[in-house]
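Asks: Below you'll find the structure I mean.
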Amino acid sequence: MATESAGLVLYDYWRSTAAYRVRIALNLKGLSFEQRPVHLVRDGGEQHGEDYLRINPQQLVPVLLHEDRVLTQSLAICEYLDEVFPGTCLLPGAPEQRAAARSMAMIIACDVHPLNNLRVQQYLKGELGATTGQSVEWMHRWMNLGFSALEARLDADSNFCIGEAPTLADLCLVPQVYNAERFECSLRLFPNIRRIAAHCRGLEAFAAAAPERQPDAPSV
């Protein structure tokens, strides 16, 4: 589905929701990219190895290489792509709508996801002795708080978080819904979120970015 060869290299992991956001953005922009998987669990996590440490001292995915530039943090990467490459815009045109899209994206990317990502789960279990059940309960708490706030802001008649096309907000929502489903966090109380996620998943840019379609995803 890519229409432009841009010399882009993405370090990612098939289950990383942050990397998932960037894959969607690249697809929506019609950009081809090389994927270099970084296994976050095998052998203690490849992100901690010396080679990767030189690329990203924060030891996280995603990382996007563009020519001589090393870009980190998924929202920053998405906005960079929007500013550098023409075509589909990931943010609306009006300032108030741009602010709204960023705000919705940050509910997930800044308030929900950081409390539930792999290194937090590893700390809860390894350092604090939390059981798997307690760890999952922790995740559900923060997902439900974030989803409740987001649900209240969504238009009941829209197929996207804001406006008539996918934005940065949808790029964050769909991967977080995937994570909620993975850990069996009920979405029953969030009909707007369910509807928008289902609609977006029907678009090829989102479908091609799905975890199960990545080259490093385990075969069934």
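Every chain in the structure tokens has a letter given in the order shown (A, B, ...), and although residue numbers restart at 1 in each chain, ligands are simply numbered from 1 in the order shown.
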Need to verify the contact set: Leu124 of chain A, 10 Å, only C-alpha atoms, exclusion of same-chain residues closer than 6 positions in sequence. Can you return it as a JSON list (two decimals) with N, CA and C atoms, in the first residue's frame?

Replies:
[["chain", "number", "residue", "atom", "x", "y", "z"],
["A", 118, "LEU", "N", 5.35, -2.58, 29.15],
["A", 118, "LEU", "CA", 6.07, -3.79, 29.57],
["A", 118, "LEU", "C", 6.97, -3.55, 30.76],
["A", 130, "ALA", "N", 4.02, -8.38, 42.66],
["A", 130, "ALA", "CA", 2.60, -8.46, 42.29],
["A", 130, "ALA", "C", 2.33, -9.75, 41.54],
["A", 131, "THR", "N", 1.16, -10.33, 41.78],
["A", 131, "THR", "CA", 0.74, -11.50, 41.04],
["A", 131, "THR", "C", 0.27, -11.07, 39.65],
["A", 132, "THR", "N", 0.09, -12.04, 38.76],
["A", 132, "THR", "CA", -0.42, -11.73, 37.42],
["A", 132, "THR", "C", -1.80, -11.08, 37.53],
["A", 134, "GLN", "N", -3.02, -9.28, 40.02],
["A", 134, "GLN", "CA", -2.87, -7.91, 40.51],
["A", 134, "GLN", "C", -2.35, -6.99, 39.42],
["A", 135, "SER", "N", -1.43, -7.51, 38.63],
["A", 135, "SER", "CA", -0.88, -6.71, 37.53],
["A", 135, "SER", "C", -1.96, -6.38, 36.51],
["A", 138, "TRP", "N", -4.31, -3.77, 37.88],
["A", 138, "TRP", "CA", -3.66, -2.46, 37.75],
["A", 138, "TRP", "C", -3.89, -1.89, 36.34]]

Asks: Can you list, as JSON, numbers by chain, every protein, DNA or RNA residue that comes within 12 Å of Val120 of chain A when you count only C-alpha atoms, leaving out same-chain residues fewer than 4 positions away?

Replies: {"A": [112, 113, 114, 115, 116, 124, 125, 126, 127, 128, 130, 135, 136, 138, 139]}

Asks: Can you tell me, as a list of chain:residue names, what residues are no more than 12 Å from Ser148 of chain A when counting only C-alpha atoms, ignoring any on the same chain fewer than 2 positions away?

Replies: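 Contacts, with the query itself left out: A:Met104, A:Ile107, A:Ile108, A:Val112, A:His140, A:Arg141, A:Trp142, A:Met143, A:Asn144, A:Leu145, A:Gly146, A:Leu150, A:Glu151, A:Ala152, A:Arg153, A:Leu154, A:Ser186, A:Leu187, A:Arg188, A:Leu189, A:Phe190, A:Pro191, A:Asn192, A:Ile193.
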
Asks: Next, the residues of the selection above should be written as a PDB file, in the first residue's frame with C-alpha atoms.

Replies:
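The result, written out as result25.pdb:
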ATOM      1  CA  MET A 104      -7.197  12.883  22.946  1.00  0.00           C
ATOM      2  CA  ILE A 107      -4.957  10.837  27.200  1.00  0.00           C
ATOM      3  CA  ILE A 108      -3.774   7.490  25.893  1.00  0.00           C
ATOM      4  CA  VAL A 112      -2.793   5.410  30.110  1.00  0.00           C
ATOM      5  CA  HIS A 140      -7.642  -2.362  33.913  1.00  0.00           C
ATOM      6  CA  ARG A 141      -7.833   0.509  36.399  1.00  0.00           C
ATOM      7  CA  TRP A 142      -5.817   2.913  34.294  1.00  0.00           C
ATOM      8  CA  MET A 143      -7.351   1.828  30.997  1.00  0.00           C
ATOM      9  CA  ASN A 144     -10.858   2.330  32.351  1.00  0.00           C
ATOM     10  CA  LEU A 145     -10.051   5.789  33.705  1.00  0.00           C
ATOM     11  CA  GLY A 146      -8.557   6.876  30.406  1.00  0.00           C
ATOM     12  CA  LEU A 150     -12.087   9.802  26.175  1.00  0.00           C
ATOM     13  CA  GLU A 151     -15.540   8.286  25.686  1.00  0.00           C
ATOM     14  CA  ALA A 152     -17.148  11.442  27.092  1.00  0.00           C
ATOM     15  CA  ARG A 153     -15.435  13.550  24.440  1.00  0.00           C
ATOM     16  CA  LEU A 154     -16.361  11.475  21.396  1.00  0.00           C
ATOM     17  CA  SER A 186     -14.116  -4.829  29.059  1.00  0.00           C
ATOM     18  CA  LEU A 187     -15.115  -2.116  26.613  1.00  0.00           C
ATOM     19  CA  ARG A 188     -18.840  -2.614  27.265  1.00  0.00           C
ATOM     20  CA  LEU A 189     -19.267   0.878  28.719  1.00  0.00           C
ATOM     21  CA  PHE A 190     -17.518   2.580  25.805  1.00  0.00           C
ATOM     22  CA  PRO A 191     -19.737   2.300  22.692  1.00  0.00           C
ATOM     23  CA  ASN A 192     -18.140   5.278  20.931  1.00  0.00           C
ATOM     24  CA  ILE A 193     -14.663   3.849  21.409  1.00  0.00           C
TER      25      ILE A 193
END

Asks: Write down as a PyMOL selection string the residues belonging to segment 65-217 of chain A that are assigned helix (DSSP H, G or I) by DSSP computed on the backbone.

Replies: chain A and resi 74-84+95-115+118-126+132-151+168-182+191-201+204-207+211-213

Asks: Between A:His39, A:Arg15, A:His199, A:Arg194, which residue has the minimum interatomic distance to Arg213 of chain A, considering only C-alpha atoms?

Replies: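 Closest candidate: A:Arg15.
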
Asks: For a quick check of understanding, using only C-alpha atoms, which of A:Ala217, A:Ala105, A:Cys161, A:Val70 has the smallest distance to Asn56 of chain A?

Replies: A:Val70
